[in-house]
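Quick notes on the structure that follows.
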Amino acid sequence: MRTRKPAMSVSSSVTSSPDSSDASLEAAAASPSSNCLYNHHNEHHHNQNHANNKNRSSFTDSTMAASVREKMKLASPPPSSLTSSRYTFYSPRELPPLEITSRLVSAFVRGTSSLIYVLAEYEAMELISDIYKPNSEPTTAKLCELLAIAAVGAQYEDVGSDTTMALFRSAKWYLDIEFGKDVEVLRKMRVSMLVGLFLIFEKSFFAVDYLDQAIRLAKSTGVNRTTRCKPYSEREWASWRRVWRSLIFLDGPRQTAGWLPV
């Protein structure tokens, strides 16, 4: 984040010796024209001092304003902090290291499989293969999904807070901003669920928004009903139904006990 330093105007102060001051006064008394010159000279000094004071005041005010702005940024980070220099922003051309991604996906499957179902392990491996394949241009939707999986996996495998937040913030940005309308709705539902799950780990009330979004998306496809909808096969429908039940499981405590842990 670049901070602009307020420019400070520095002007040299004009000082006169007592002797030259006395001489000026004598000349002013001897001649009316020289008196005019003296008044003009005195007025010039007054205006210059006023300008210097104004510049110093402006510098102080701008410095104080910048200080207040910095404190406000620390207290309430703006959306632009998503791409602040502290965190890497992952993109199709700047992927997280493959070794870290593989570790986190394995940690995700190992850590969540006993409690909820989000996707099969082979689906996660296919995502890694599609995105890291040489000379490939991964879609935004697939990259977003893999980053969200890795971010949740970082809750089970320590890779450092900076890497964890870079994964999460990148995934969340793609979900909020760049997840195309032509993308399969149930995949967007799953990413919303993953973002909500990460925020549950972080004890953030914003998890409610993403779980609600996931539920709305799921209901729009009819996955909340037992009757299979086209174009899904029996196997695909059974898998998405498991994801739906896991989503309701995550959302359940909010419905019964006020939800988020303290």
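In the structure tokens, the first chain shown is A, the next is B, and so on; residue numbers restart at 1 for each chain, and ligands run from 1 in the order shown.
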- Task: Would you kindly return, as an NGL selection string, each protein, DNA or RNA residue with an atom no farther than 12 Å from any atom of stretch 215-217 of chain A, considering only C-alpha atoms and excluding same-chain residues fewer than 3 positions away?
- Result: :A and (184-193 or 196 or 208-212 or 220-224 or 243-252)
Keeping only C-alpha atoms, write the selected residues as a tab-separated table (two decimals), in the first residue's frame.
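Result file is selection_31.tsv:
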```
chain	number	residue	atom	x	y	z
A	184	GLU	CA	-22.62	-24.69	-12.51
A	185	VAL	CA	-24.76	-23.45	-9.62
A	186	LEU	CA	-23.98	-26.41	-7.36
A	187	ARG	CA	-20.24	-25.76	-7.66
A	188	LYS	CA	-20.80	-22.19	-6.55
A	189	MET	CA	-22.92	-23.54	-3.71
A	190	ARG	CA	-20.03	-25.77	-2.63
A	191	VAL	CA	-17.50	-22.90	-2.67
A	192	SER	CA	-19.91	-20.72	-0.64
A	193	MET	CA	-20.15	-23.57	1.86
A	196	GLY	CA	-18.59	-20.31	5.32
A	208	VAL	CA	-23.82	-16.85	8.26
A	209	ASP	CA	-23.95	-14.91	4.97
A	210	TYR	CA	-22.07	-17.54	3.02
A	211	LEU	CA	-24.00	-20.46	4.48
A	212	ASP	CA	-27.25	-18.65	3.63
A	220	SER	CA	-32.58	-23.14	-6.64
A	221	THR	CA	-31.40	-26.43	-8.18
A	222	GLY	CA	-33.82	-28.62	-6.24
A	223	VAL	CA	-31.03	-30.57	-4.54
A	224	ASN	CA	-32.97	-30.18	-1.28
A	243	VAL	CA	-23.12	-32.11	0.18
A	244	TRP	CA	-26.59	-30.67	0.87
A	245	ARG	CA	-26.96	-32.69	4.07
A	246	SER	CA	-23.53	-31.52	5.22
A	247	LEU	CA	-24.53	-27.92	4.54
A	248	ILE	CA	-27.66	-28.33	6.67
A	249	PHE	CA	-25.51	-29.91	9.37
A	250	LEU	CA	-23.22	-26.84	9.41
A	251	ASP	CA	-26.17	-24.49	9.48
A	252	GLY	CA	-28.09	-26.51	12.09
```
- Item | Contacts of stretch 141-155 of chain A within 7 Å, only C-alpha atoms, excl. fewer than 5 positions in-chain, as a list in words | Thr101, Leu104, Val105, Ala107, Phe108, Leu127, Ile131, Thr164, Leu167, Phe168, Ala171, Tyr174, Leu175, Phe179, Val183, Val191, Leu194, Val195 and Phe198 of chain A
- Message: Residues within 10 Å of A:Thr163, please, as an MDAnalysis selection string. Count only C-alpha atoms; anything in the same chain fewer than 2 positions from it doesn't count.
- Response: chainID A and resid 87:89 96 100 151 154 158:161 165:169
- Item | Closest of A:Arg103, A:Ala214, A:Leu98, A:Arg225 to A:Lys133 - atom-to-atom distances counting only C-alpha atoms | A:Leu98
